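Undergrad: So here's protein_0.cif (mmCIF, C-alpha atoms).
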data_model
#
loop_
_atom_site.group_PDB
_atom_site.id
_atom_site.type_symbol
_atom_site.label_atom_id
_atom_site.label_comp_id
_atom_site.auth_asym_id
_atom_site.auth_seq_id
_atom_site.Cartn_x
_atom_site.Cartn_y
_atom_site.Cartn_z
ATOM 1 C CA MET H 30 131.576 -124.686 18.108
ATOM 2 C CA PRO H 31 131.419 -120.960 19.067
ATOM 3 C CA LYS H 32 127.886 -119.522 19.173
ATOM 4 C CA SER H 33 128.929 -115.915 18.599
ATOM 5 C CA THR H 34 128.875 -114.735 14.978
ATOM 6 C CA ASN H 35 129.637 -111.483 13.157
ATOM 7 C CA ILE H 36 132.223 -110.403 15.708
ATOM 8 C CA VAL H 37 135.538 -108.642 15.077
ATOM 9 C CA TRP H 38 138.412 -108.201 17.555
ATOM 10 C CA HIS H 39 138.864 -104.492 18.417
ATOM 11 C CA GLU H 40 142.506 -103.683 19.118
ATOM 12 C CA SER H 41 143.586 -101.427 21.974
ATOM 13 C CA GLU H 42 146.142 -98.670 21.562
ATOM 14 C CA VAL H 43 147.725 -99.588 24.908
ATOM 15 C CA SER H 44 149.705 -102.834 24.780
ATOM 16 C CA LYS H 45 150.261 -105.459 27.436
ATOM 17 C CA GLN H 46 153.944 -104.569 27.441
ATOM 18 C CA GLU H 47 153.116 -100.909 28.113
ATOM 19 C CA ARG H 48 150.907 -101.896 31.041
ATOM 20 C CA GLN H 49 153.728 -104.049 32.388
ATOM 21 C CA ARG H 50 156.142 -101.132 32.153
ATOM 22 C CA LEU H 51 153.667 -98.942 34.025
ATOM 23 C CA ASN H 52 153.376 -101.594 36.747
ATOM 24 C CA ARG H 53 157.156 -102.198 36.771
ATOM 25 C CA HIS H 54 156.731 -105.974 36.661
ATOM 26 C CA LYS H 55 155.743 -108.652 34.181
ATOM 27 C CA SER H 56 152.289 -110.208 34.191
ATOM 28 C CA VAL H 57 151.817 -113.924 34.713
ATOM 29 C CA VAL H 58 149.371 -116.533 36.004
ATOM 30 C CA LEU H 59 150.466 -118.395 39.127
ATOM 31 C CA TRP H 60 148.247 -121.467 38.913
ATOM 32 C CA PHE H 61 148.013 -123.197 42.317
ATOM 33 C CA THR H 62 146.606 -126.720 41.977
ATOM 34 C CA GLY H 63 146.184 -129.415 44.607
ATOM 35 C CA LEU H 64 143.718 -131.293 46.770
ATOM 36 C CA SER H 65 141.159 -129.536 48.932
ATOM 37 C CA GLY H 66 142.944 -128.648 52.170
ATOM 38 C CA SER H 67 146.423 -128.703 50.637
ATOM 39 C CA GLY H 68 146.902 -124.978 51.314
ATOM 40 C CA LYS H 69 146.218 -123.307 47.945
ATOM 41 C CA SER H 70 143.930 -120.557 49.210
ATOM 42 C CA THR H 71 146.022 -119.899 52.311
ATOM 43 C CA LEU H 72 149.125 -119.501 50.160
ATOM 44 C CA THR H 73 147.523 -117.172 47.630
ATOM 45 C CA VAL H 74 146.082 -114.963 50.381
ATOM 46 C CA GLU H 75 149.519 -114.621 51.989
ATOM 47 C CA LEU H 76 151.230 -114.029 48.646
ATOM 48 C CA GLU H 77 148.692 -111.389 47.662
ATOM 49 C CA LYS H 78 149.365 -109.539 50.909
ATOM 50 C CA LYS H 79 153.162 -109.749 50.574
ATOM 51 C CA MET H 80 153.109 -108.641 46.941
ATOM 52 C CA TYR H 81 150.789 -105.721 47.711
ATOM 53 C CA GLN H 82 153.223 -104.583 50.391
ATOM 54 C CA SER H 83 155.973 -104.685 47.746
ATOM 55 C CA GLY H 84 153.981 -102.601 45.256
ATOM 56 C CA ILE H 85 153.161 -105.522 42.950
ATOM 57 C CA ARG H 86 149.756 -105.414 41.267
ATOM 58 C CA THR H 87 147.935 -108.713 41.677
ATOM 59 C CA TYR H 88 144.484 -110.235 41.664
ATOM 60 C CA ARG H 89 143.467 -113.446 43.385
ATOM 61 C CA LEU H 90 140.946 -115.861 41.878
ATOM 62 C CA ASP H 91 139.717 -118.484 44.333
ATOM 63 C CA GLY H 92 137.635 -121.555 43.515
ATOM 64 C CA ASP H 93 134.800 -121.007 45.983
ATOM 65 C CA ASN H 94 134.674 -117.240 45.361
ATOM 66 C CA ILE H 95 134.283 -117.697 41.613
ATOM 67 C CA ARG H 96 131.416 -120.141 42.130
ATOM 68 C CA HIS H 97 129.528 -117.408 44.004
ATOM 69 C CA GLY H 98 129.277 -115.376 40.802
ATOM 70 C CA LEU H 99 130.818 -116.086 37.403
ATOM 71 C CA ASN H 100 130.498 -119.861 37.719
ATOM 72 C CA LYS H 101 127.515 -120.187 40.056
ATOM 73 C CA ASN H 102 125.621 -122.111 37.354
ATOM 74 C CA LEU H 103 128.192 -124.936 37.344
ATOM 75 C CA GLY H 104 128.195 -128.117 39.403
ATOM 76 C CA PHE H 105 130.967 -130.647 39.969
ATOM 77 C CA SER H 106 130.452 -133.115 37.135
ATOM 78 C CA PRO H 107 133.548 -133.716 34.973
ATOM 79 C CA GLU H 108 132.005 -131.512 32.252
ATOM 80 C CA ASP H 109 131.250 -128.677 34.664
ATOM 81 C CA ARG H 110 134.708 -128.892 36.213
ATOM 82 C CA THR H 111 136.222 -128.515 32.740
ATOM 83 C CA GLU H 112 134.000 -125.530 31.936
ATOM 84 C CA ASN H 113 134.853 -123.992 35.319
ATOM 85 C CA ILE H 114 138.560 -124.069 34.511
ATOM 86 C CA ARG H 115 138.036 -122.937 30.904
ATOM 87 C CA ARG H 116 136.277 -119.783 32.113
ATOM 88 C CA ILE H 117 138.953 -119.125 34.738
ATOM 89 C CA GLY H 118 141.599 -119.517 32.048
ATOM 90 C CA GLU H 119 139.933 -116.876 29.881
ATOM 91 C CA VAL H 120 139.551 -114.487 32.828
ATOM 92 C CA SER H 121 143.199 -115.055 33.787
ATOM 93 C CA LYS H 122 144.291 -114.286 30.238
ATOM 94 C CA LEU H 123 142.446 -110.948 30.356
ATOM 95 C CA MET H 124 144.126 -110.098 33.650
ATOM 96 C CA VAL H 125 147.553 -110.941 32.247
ATOM 97 C CA ASP H 126 146.782 -108.619 29.338
ATOM 98 C CA ALA H 127 145.922 -105.962 31.935
ATOM 99 C CA GLY H 128 149.458 -106.348 33.333
ATOM 100 C CA LEU H 129 148.606 -108.137 36.579
ATOM 101 C CA ILE H 130 150.102 -111.103 38.373
ATOM 102 C CA VAL H 131 147.163 -113.476 38.763
ATOM 103 C CA LEU H 132 147.010 -115.836 41.737
ATOM 104 C CA THR H 133 144.601 -118.697 41.103
ATOM 105 C CA ALA H 134 143.622 -121.284 43.708
ATOM 106 C CA PHE H 135 141.684 -124.111 42.053
ATOM 107 C CA ILE H 136 141.803 -127.845 42.621
ATOM 108 C CA SER H 137 141.663 -128.112 38.792
ATOM 109 C CA PRO H 138 141.892 -131.909 38.966
ATOM 110 C CA TYR H 139 142.321 -132.656 35.268
ATOM 111 C CA ARG H 140 145.721 -132.288 33.638
ATOM 112 C CA GLN H 141 144.240 -131.511 30.219
ATOM 113 C CA ASP H 142 142.220 -128.607 31.605
ATOM 114 C CA ARG H 143 145.333 -127.051 33.132
ATOM 115 C CA ASP H 144 147.261 -127.606 29.904
ATOM 116 C CA ASN H 145 144.461 -125.897 27.983
ATOM 117 C CA VAL H 146 144.835 -122.811 30.166
ATOM 118 C CA ARG H 147 148.594 -122.840 29.627
ATOM 119 C CA ALA H 148 147.979 -122.956 25.863
ATOM 120 C CA LEU H 149 145.939 -119.725 26.042
ATOM 121 C CA LEU H 150 148.978 -117.781 27.229
ATOM 122 C CA GLU H 151 152.487 -116.991 26.070
ATOM 123 C CA SER H 152 155.104 -119.564 27.025
ATOM 124 C CA ASP H 153 156.349 -117.589 30.058
ATOM 125 C CA GLU H 154 152.932 -116.426 31.293
ATOM 126 C CA PHE H 155 151.766 -119.593 33.064
ATOM 127 C CA ILE H 156 153.488 -120.986 36.150
ATOM 128 C CA GLU H 157 151.974 -124.218 37.426
ATOM 129 C CA ILE H 158 152.402 -124.633 41.171
ATOM 130 C CA HIS H 159 151.580 -128.023 42.659
ATOM 131 C CA VAL H 160 150.565 -127.529 46.265
ATOM 132 C CA LYS H 161 151.271 -130.990 47.542
ATOM 133 C CA ALA H 162 150.021 -132.612 50.725
ATOM 134 C CA GLU H 163 149.108 -136.148 51.672
ATOM 135 C CA LEU H 164 145.390 -136.936 51.607
ATOM 136 C CA GLU H 165 145.580 -137.771 55.312
ATOM 137 C CA THR H 166 146.968 -134.288 56.009
ATOM 138 C CA CYS H 167 144.224 -132.629 53.976
ATOM 139 C CA GLU H 168 141.572 -134.643 55.809
ATOM 140 C CA LYS H 169 143.070 -133.708 59.155
ATOM 141 C CA ARG H 170 143.056 -130.016 58.251
ATOM 142 C CA ASP H 171 139.596 -130.143 56.609
ATOM 143 C CA PRO H 172 139.201 -126.319 56.828
ATOM 144 C CA LYS H 173 135.709 -126.348 55.273
ATOM 145 C CA GLY H 174 134.468 -129.566 56.876
ATOM 146 C CA LEU H 175 134.122 -131.146 53.435
ATOM 147 C CA TYR H 176 136.009 -134.378 54.083
ATOM 148 C CA LYS H 177 133.801 -135.020 57.105
ATOM 149 C CA LYS H 178 130.732 -134.660 54.865
ATOM 150 C CA VAL H 179 132.283 -136.920 52.225
ATOM 151 C CA ARG H 180 132.955 -139.654 54.784
ATOM 152 C CA ALA H 181 129.369 -139.295 55.998
ATOM 153 C CA GLY H 182 128.110 -139.826 52.451
ATOM 154 C CA GLN H 183 126.754 -136.279 52.131
ATOM 155 C CA ILE H 184 129.022 -135.259 49.224
ATOM 156 C CA LYS H 185 129.726 -137.281 46.084
ATOM 157 C CA GLU H 186 132.333 -136.830 43.311
ATOM 158 C CA PHE H 187 134.872 -135.347 45.718
ATOM 159 C CA THR H 188 138.387 -134.970 44.359
ATOM 160 C CA GLY H 189 140.873 -137.360 45.926
ATOM 161 C CA ILE H 190 138.164 -139.625 47.336
ATOM 162 C CA ASP H 191 135.729 -140.759 44.628
ATOM 163 C CA SER H 192 136.836 -138.397 41.852
ATOM 164 C CA PRO H 193 140.386 -138.379 40.443
ATOM 165 C CA TYR H 194 143.126 -135.803 40.909
ATOM 166 C CA GLU H 195 145.775 -135.861 38.184
ATOM 167 C CA GLU H 196 149.004 -134.480 39.597
ATOM 168 C CA PRO H 197 151.046 -132.142 37.365
ATOM 169 C CA LEU H 198 153.762 -133.958 35.432
ATOM 170 C CA HIS H 199 156.156 -131.022 35.044
ATOM 171 C CA PRO H 200 155.100 -128.147 37.302
ATOM 172 C CA GLU H 201 157.366 -125.125 37.502
ATOM 173 C CA ILE H 202 157.085 -125.198 41.295
ATOM 174 C CA VAL H 203 156.215 -127.901 43.837
ATOM 175 C CA ILE H 204 155.317 -126.790 47.354
ATOM 176 C CA ASP H 205 155.019 -129.558 49.932
ATOM 177 C CA THR H 206 152.894 -128.134 52.726
ATOM 178 C CA ASP H 207 153.489 -131.251 54.800
ATOM 179 C CA LYS H 208 157.110 -130.135 55.108
ATOM 180 C CA HIS H 209 157.135 -126.346 54.696
ATOM 181 C CA THR H 210 155.365 -123.519 56.510
ATOM 182 C CA ILE H 211 153.212 -120.937 54.769
ATOM 183 C CA GLU H 212 155.936 -118.343 55.338
ATOM 184 C CA GLU H 213 158.625 -120.564 53.782
ATOM 185 C CA SER H 214 156.394 -121.460 50.852
ATOM 186 C CA THR H 215 155.417 -117.848 50.204
ATOM 187 C CA GLN H 216 159.020 -116.718 50.273
ATOM 188 C CA TYR H 217 159.981 -119.479 47.846
ATOM 189 C CA VAL H 218 157.457 -118.237 45.265
ATOM 190 C CA ILE H 219 158.554 -114.619 45.726
ATOM 191 C CA GLU H 220 162.201 -115.583 45.188
ATOM 192 C CA PHE H 221 161.270 -117.653 42.133
ATOM 193 C CA LEU H 222 159.574 -114.628 40.542
ATOM 194 C CA LYS H 223 162.582 -112.408 41.285
ATOM 195 C CA ASN H 224 165.085 -114.943 39.953
ATOM 196 C CA LYS H 225 163.080 -115.344 36.741
ATOM 197 C CA ALA H 226 162.836 -111.536 36.366
ATOM 198 C CA TYR H 227 159.067 -111.318 36.680
ATOM 199 C CA THR H 228 159.513 -108.835 39.520
ATOM 200 C CA GLU H 229 162.324 -106.633 40.739
#
Let me see the file written as structure tokens.
TA:
Amino acid sequence: MPKSTNIVWHESEVSKQERQRLNRHKSVVLWFTGLSGSGKSTLTVELEKKMYQSGIRTYRLDGDNIRHGLNKNLGFSPEDRTENIRRIGEVSKLMVDAGLIVLTAFISPYRQDRDNVRALLESDEFIEIHVKAELETCEKRDPKGLYKKVRAGQIKEFTGIDSPYEEPLHPEIVIDTDKHTIEESTQYVIEFLKNKAYTE
């Protein structure tokens, strides 16, 4: 139940479509989901750089970065994970309205949470990208040293170990980082956006 009362939506005189025309590309959320260590953040950083070089206006939302500010009051319980993704969904929607291509890198382990974000947006404004890698690969990479802490019993409720990860059923894109390099994966997403007329 919403807590806010006596509020009225105030319309802008500049539309999303007008912002898109100014930017010369459509706005959309590229939602990268996958296990810790699968390559989500690495991919979004590389994509952001490549798109900037091509004159595409983007913004990158990363799981750890968001928990330094907007979501620093949330933990990793199932309820907090859901609230984490709900807030990111609302922020992403605002950025799409601003005419940006939003790159999000969140484990987002629950299918329903990701579907709820999709439901906030128009049908062509949410692209789910499953960044796929075997658990063994993610553990071997362990860029933040988290798996090592999990195995030592220092971290509980860790996705893929003692907390579930629900793989997307029908993602628009699947990127297998066990088989493809960052460069190949980045180029695949760029070509997808061109072929679907999101960018020129």
Undergrad: With a distance cut-off of 8 Å and only C-alpha atoms, select the neighbouring residues of stretch 116-123 of chain H, excluding the residue or stretch itself and same-chain residues fewer than 6 positions from it, and output the selection as a list in words.
TA: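 Counting only C-alpha atoms, the residues come to Val58, Val131, Val146, Leu149 and Leu150 of chain H.
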Undergrad: Could you save the residues just selected, with C-alpha atoms, as a short mmCIF file (atom, residue, chain, number, x, y, z; two decimals), in the coordinates of the input?
TA:
data_model
loop_
_atom_site.label_atom_id
_atom_site.label_comp_id
_atom_site.auth_asym_id
_atom_site.auth_seq_id
_atom_site.Cartn_x
_atom_site.Cartn_y
_atom_site.Cartn_z
CA VAL H 58 149.37 -116.53 36.00
CA VAL H 131 147.16 -113.48 38.76
CA VAL H 146 144.84 -122.81 30.17
CA LEU H 149 145.94 -119.72 26.04
CA LEU H 150 148.98 -117.78 27.23
#
Undergrad: Run the PyMOL selection byres ((chain H and resi 88) around 9) mentally over the shown coordinates, then write out the matched residues as a PyMOL selection string, using the chain letters and numbers from the document.
TA: chain H and resi 77+86-87+89-90+124+129-133
Undergrad: For the file shown, report as a VMD selection string the outcome of the PyMOL selection byres ((chain H and resi 207-214) around 8) at residue level.
TA: chain H and resid 71 to 72 75 161 to 163 166 204 to 206 215 to 218
Undergrad: Go ahead and save the residues from that selection, with C-alpha atoms, as a short mmCIF file (atom, residue, chain, number, x, y, z; two decimals), in the frame of the given file.
TA:
data_model
loop_
_atom_site.label_atom_id
_atom_site.label_comp_id
_atom_site.auth_asym_id
_atom_site.auth_seq_id
_atom_site.Cartn_x
_atom_site.Cartn_y
_atom_site.Cartn_z
CA THR H 71 146.02 -119.90 52.31
CA LEU H 72 149.12 -119.50 50.16
CA GLU H 75 149.52 -114.62 51.99
CA LYS H 161 151.27 -130.99 47.54
CA ALA H 162 150.02 -132.61 50.72
CA GLU H 163 149.11 -136.15 51.67
CA THR H 166 146.97 -134.29 56.01
CA ILE H 204 155.32 -126.79 47.35
CA ASP H 205 155.02 -129.56 49.93
CA THR H 206 152.89 -128.13 52.73
CA THR H 215 155.42 -117.85 50.20
CA GLN H 216 159.02 -116.72 50.27
CA TYR H 217 159.98 -119.48 47.85
CA VAL H 218 157.46 -118.24 45.26
#
Undergrad: Rounded to one decimal in Å, what is the spacing between atom CA of H:Asp191 and atom CA of H:Asn102?
TA: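 Distance reported for this atom pair: 22.4 Å.
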Undergrad: For the provided coordinates, the residues matched by the PyMOL selection byres ((chain H and resi 111) around 12) should be stated as a PyMOL selection string.
TA: chain H and resi 100+103-110+112-118+135-146
Undergrad: So for stretch 94-105 of chain H, what box centre and size do we get, axis-aligned, 4 Å extra on each of the six sides, every listed atom, Å to one decimal, as JSON?
TA:
{"center_x": 130.1, "center_y": -123.0, "center_z": 41.4, "size_x": 17.1, "size_y": 23.3, "size_z": 16.0}
Undergrad: Here is a test: counting only C-alpha atoms, which residue of H:Glu186, H:Glu220, H:Glu157, H:Asp91 is nearest to H:His199?
TA: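 Once distances to H:His199 are computed over only C-alpha atoms, the minimum belongs to H:Glu157.
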Undergrad: What does the distance from atom CA of H:Tyr227 to atom CA of H:Ile95 come to in Å, to one decimal?
TA: 26.1 Å
Undergrad: How many Å lie between atom CA of H:His54 and atom CA of H:Leu222, rounded to one decimal?
TA: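 Atom CA of H:His54 sits 9.9 Å away from atom CA of H:Leu222.
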Undergrad: Pick from H:Met80, H:Leu51, H:Val43, H:Leu64: nearest to H:Lys223, with all atoms listed in the file counted?
TA: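 Comparing H:Met80, H:Leu51, H:Val43, H:Leu64 against H:Lys223, the winner is H:Met80.
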Undergrad: Would you mind telling me which residue in H:Asn224, H:Ser65, H:Ser70, H:Gln82 lies nearest to H:Asn94 when using only C-alpha atoms?
TA: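 Answer, going by the shortest atom-to-atom distance: H:Ser70.
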Undergrad: From the list H:Phe221, H:Val125, H:Trp60, H:Lys69, which residue is nearest H:Arg48 when using all atoms listed in the file?
TA: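 Ranked by minimum distance to H:Arg48, first place goes to H:Val125.
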Undergrad: Pick out the closest residue to H:Val57 from this set: H:Pro197, H:Ile85, H:Lys177, H:Gly189. Count only C-alpha atoms.
TA: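 The shortest atom-to-atom distance to H:Val57 comes from H:Ile85.
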Undergrad: Hey, can you pull every residue with an atom no more than 6 Å from (147.6, -124.5, 41.9), using all atoms listed in the file, and send it as an mmCIF file with C-alpha atoms, in the frame of the given file?
TA:
data_model
loop_
_atom_site.group_PDB
_atom_site.id
_atom_site.type_symbol
_atom_site.label_atom_id
_atom_site.label_comp_id
_atom_site.auth_asym_id
_atom_site.auth_seq_id
_atom_site.Cartn_x
_atom_site.Cartn_y
_atom_site.Cartn_z
ATOM 1 C CA TRP H 60 148.247 -121.467 38.913
ATOM 2 C CA PHE H 61 148.013 -123.197 42.317
ATOM 3 C CA THR H 62 146.606 -126.720 41.977
ATOM 4 C CA GLY H 63 146.184 -129.415 44.607
ATOM 5 C CA ALA H 134 143.622 -121.284 43.708
ATOM 6 C CA PHE H 135 141.684 -124.111 42.053
ATOM 7 C CA ILE H 158 152.402 -124.633 41.171
ATOM 8 C CA HIS H 159 151.580 -128.023 42.659
#
Undergrad: For H:Ser67, which residue out of H:Ala127, H:Ala181, H:Val160, H:Ala226 is the nearest one, using only C-alpha atoms?
TA: H:Val160
Undergrad: Assuming the input is short of atoms at stretch 104-127 of chain H, produce N, CA, C and O atoms for that part as a PDB file, in the frame of the given file.
TA:
ATOM      1  N   GLY H 104     128.098-127.140  38.332  1.00  0.00           N
ATOM      2  CA  GLY H 104     128.195-128.117  39.403  1.00  0.00           C
ATOM      3  C   GLY H 104     129.592-128.727  39.439  1.00  0.00           C
ATOM      4  O   GLY H 104     130.573-128.066  39.086  1.00  0.00           O
ATOM      5  N   PHE H 105     129.665-130.005  39.813  1.00  0.00           N
ATOM      6  CA  PHE H 105     130.967-130.647  39.969  1.00  0.00           C
ATOM      7  C   PHE H 105     131.092-131.920  39.127  1.00  0.00           C
ATOM      8  O   PHE H 105     131.919-132.779  39.416  1.00  0.00           O
ATOM      9  N   SER H 106     130.284-132.012  38.083  1.00  0.00           N
ATOM     10  CA  SER H 106     130.452-133.115  37.135  1.00  0.00           C
ATOM     11  C   SER H 106     131.762-132.886  36.381  1.00  0.00           C
ATOM     12  O   SER H 106     132.274-131.759  36.353  1.00  0.00           O
ATOM     13  N   PRO H 107     132.321-133.920  35.757  1.00  0.00           N
ATOM     14  CA  PRO H 107     133.548-133.716  34.973  1.00  0.00           C
ATOM     15  C   PRO H 107     133.397-132.605  33.931  1.00  0.00           C
ATOM     16  O   PRO H 107     134.319-131.797  33.737  1.00  0.00           O
ATOM     17  N   GLU H 108     132.229-132.534  33.278  1.00  0.00           N
ATOM     18  CA  GLU H 108     132.005-131.512  32.252  1.00  0.00           C
ATOM     19  C   GLU H 108     131.975-130.112  32.869  1.00  0.00           C
ATOM     20  O   GLU H 108     132.549-129.162  32.316  1.00  0.00           O
ATOM     21  N   ASP H 109     131.320-129.983  34.009  1.00  0.00           N
ATOM     22  CA  ASP H 109     131.250-128.677  34.664  1.00  0.00           C
ATOM     23  C   ASP H 109     132.602-128.261  35.227  1.00  0.00           C
ATOM     24  O   ASP H 109     132.947-127.075  35.237  1.00  0.00           O
ATOM     25  N   ARG H 110     133.363-129.213  35.717  1.00  0.00           N
ATOM     26  CA  ARG H 110     134.708-128.892  36.213  1.00  0.00           C
ATOM     27  C   ARG H 110     135.571-128.343  35.072  1.00  0.00           C
ATOM     28  O   ARG H 110     136.319-127.369  35.256  1.00  0.00           O
ATOM     29  N   THR H 111     135.452-128.969  33.900  1.00  0.00           N
ATOM     30  CA  THR H 111     136.222-128.515  32.740  1.00  0.00           C
ATOM     31  C   THR H 111     135.792-127.113  32.322  1.00  0.00           C
ATOM     32  O   THR H 111     136.633-126.252  32.032  1.00  0.00           O
ATOM     33  N   GLU H 112     134.498-126.857  32.303  1.00  0.00           N
ATOM     34  CA  GLU H 112     134.000-125.530  31.936  1.00  0.00           C
ATOM     35  C   GLU H 112     134.404-124.495  32.974  1.00  0.00           C
ATOM     36  O   GLU H 112     134.748-123.352  32.638  1.00  0.00           O
ATOM     37  N   ASN H 113     134.401-124.867  34.240  1.00  0.00           N
ATOM     38  CA  ASN H 113     134.853-123.992  35.319  1.00  0.00           C
ATOM     39  C   ASN H 113     136.274-123.503  35.049  1.00  0.00           C
ATOM     40  O   ASN H 113     136.555-122.293  35.089  1.00  0.00           O
ATOM     41  N   ILE H 114     137.161-124.426  34.742  1.00  0.00           N
ATOM     42  CA  ILE H 114     138.560-124.069  34.511  1.00  0.00           C
ATOM     43  C   ILE H 114     138.733-123.321  33.194  1.00  0.00           C
ATOM     44  O   ILE H 114     139.549-122.399  33.093  1.00  0.00           O
ATOM     45  N   ARG H 115     137.949-123.664  32.181  1.00  0.00           N
ATOM     46  CA  ARG H 115     138.036-122.937  30.904  1.00  0.00           C
ATOM     47  C   ARG H 115     137.722-121.456  31.120  1.00  0.00           C
ATOM     48  O   ARG H 115     138.438-120.579  30.633  1.00  0.00           O
ATOM     49  N   ARG H 116     136.659-121.181  31.864  1.00  0.00           N
ATOM     50  CA  ARG H 116     136.277-119.783  32.113  1.00  0.00           C
ATOM     51  C   ARG H 116     137.357-119.058  32.912  1.00  0.00           C
ATOM     52  O   ARG H 116     137.682-117.899  32.621  1.00  0.00           O
ATOM     53  N   ILE H 117     137.897-119.736  33.926  1.00  0.00           N
ATOM     54  CA  ILE H 117     138.953-119.125  34.738  1.00  0.00           C
ATOM     55  C   ILE H 117     140.177-118.829  33.873  1.00  0.00           C
ATOM     56  O   ILE H 117     140.836-117.805  34.033  1.00  0.00           O
ATOM     57  N   GLY H 118     140.480-119.739  32.957  1.00  0.00           N
ATOM     58  CA  GLY H 118     141.599-119.517  32.048  1.00  0.00           C
ATOM     59  C   GLY H 118     141.412-118.259  31.220  1.00  0.00           C
ATOM     60  O   GLY H 118     142.350-117.457  31.050  1.00  0.00           O
ATOM     61  N   GLU H 119     140.206-118.059  30.704  1.00  0.00           N
ATOM     62  CA  GLU H 119     139.933-116.876  29.881  1.00  0.00           C
ATOM     63  C   GLU H 119     140.000-115.597  30.718  1.00  0.00           C
ATOM     64  O   GLU H 119     140.528-114.578  30.273  1.00  0.00           O
ATOM     65  N   VAL H 120     139.472-115.647  31.941  1.00  0.00           N
ATOM     66  CA  VAL H 120     139.551-114.487  32.828  1.00  0.00           C
ATOM     67  C   VAL H 120     141.012-114.184  33.172  1.00  0.00           C
ATOM     68  O   VAL H 120     141.445-113.024  33.163  1.00  0.00           O
ATOM     69  N   SER H 121     141.782-115.229  33.456  1.00  0.00           N
ATOM     70  CA  SER H 121     143.199-115.055  33.787  1.00  0.00           C
ATOM     71  C   SER H 121     143.960-114.426  32.629  1.00  0.00           C
ATOM     72  O   SER H 121     144.817-113.556  32.834  1.00  0.00           O
ATOM     73  N   LYS H 122     143.633-114.845  31.426  1.00  0.00           N
ATOM     74  CA  LYS H 122     144.291-114.286  30.238  1.00  0.00           C
ATOM     75  C   LYS H 122     144.020-112.790  30.124  1.00  0.00           C
ATOM     76  O   LYS H 122     144.916-111.998  29.802  1.00  0.00           O
ATOM     77  N   LEU H 123     142.783-112.375  30.389  1.00  0.00           N
ATOM     78  CA  LEU H 123     142.446-110.948  30.356  1.00  0.00           C
ATOM     79  C   LEU H 123     143.243-110.177  31.399  1.00  0.00           C
ATOM     80  O   LEU H 123     143.724-109.065  31.144  1.00  0.00           O
ATOM     81  N   MET H 124     143.396-110.775  32.573  1.00  0.00           N
ATOM     82  CA  MET H 124     144.126-110.098  33.650  1.00  0.00           C
ATOM     83  C   MET H 124     145.620-109.998  33.350  1.00  0.00           C
ATOM     84  O   MET H 124     146.268-109.017  33.702  1.00  0.00           O
ATOM     85  N   VAL H 125     146.155-111.014  32.689  1.00  0.00           N
ATOM     86  CA  VAL H 125     147.553-110.941  32.247  1.00  0.00           C
ATOM     87  C   VAL H 125     147.709-109.825  31.225  1.00  0.00           C
ATOM     88  O   VAL H 125     148.678-109.058  31.250  1.00  0.00           O
ATOM     89  N   ASP H 126     146.748-109.696  30.329  1.00  0.00           N
ATOM     90  CA  ASP H 126     146.782-108.619  29.338  1.00  0.00           C
ATOM     91  C   ASP H 126     146.710-107.257  30.031  1.00  0.00           C
ATOM     92  O   ASP H 126     147.274-106.277  29.550  1.00  0.00           O
ATOM     93  N   ALA H 127     146.028-107.204  31.168  1.00  0.00           N
ATOM     94  CA  ALA H 127     145.922-105.962  31.935  1.00  0.00           C
ATOM     95  C   ALA H 127     147.201-105.653  32.717  1.00  0.00           C
ATOM     96  O   ALA H 127     147.305-104.601  33.343  1.00  0.00           O
TER      97      ALA H 127
END
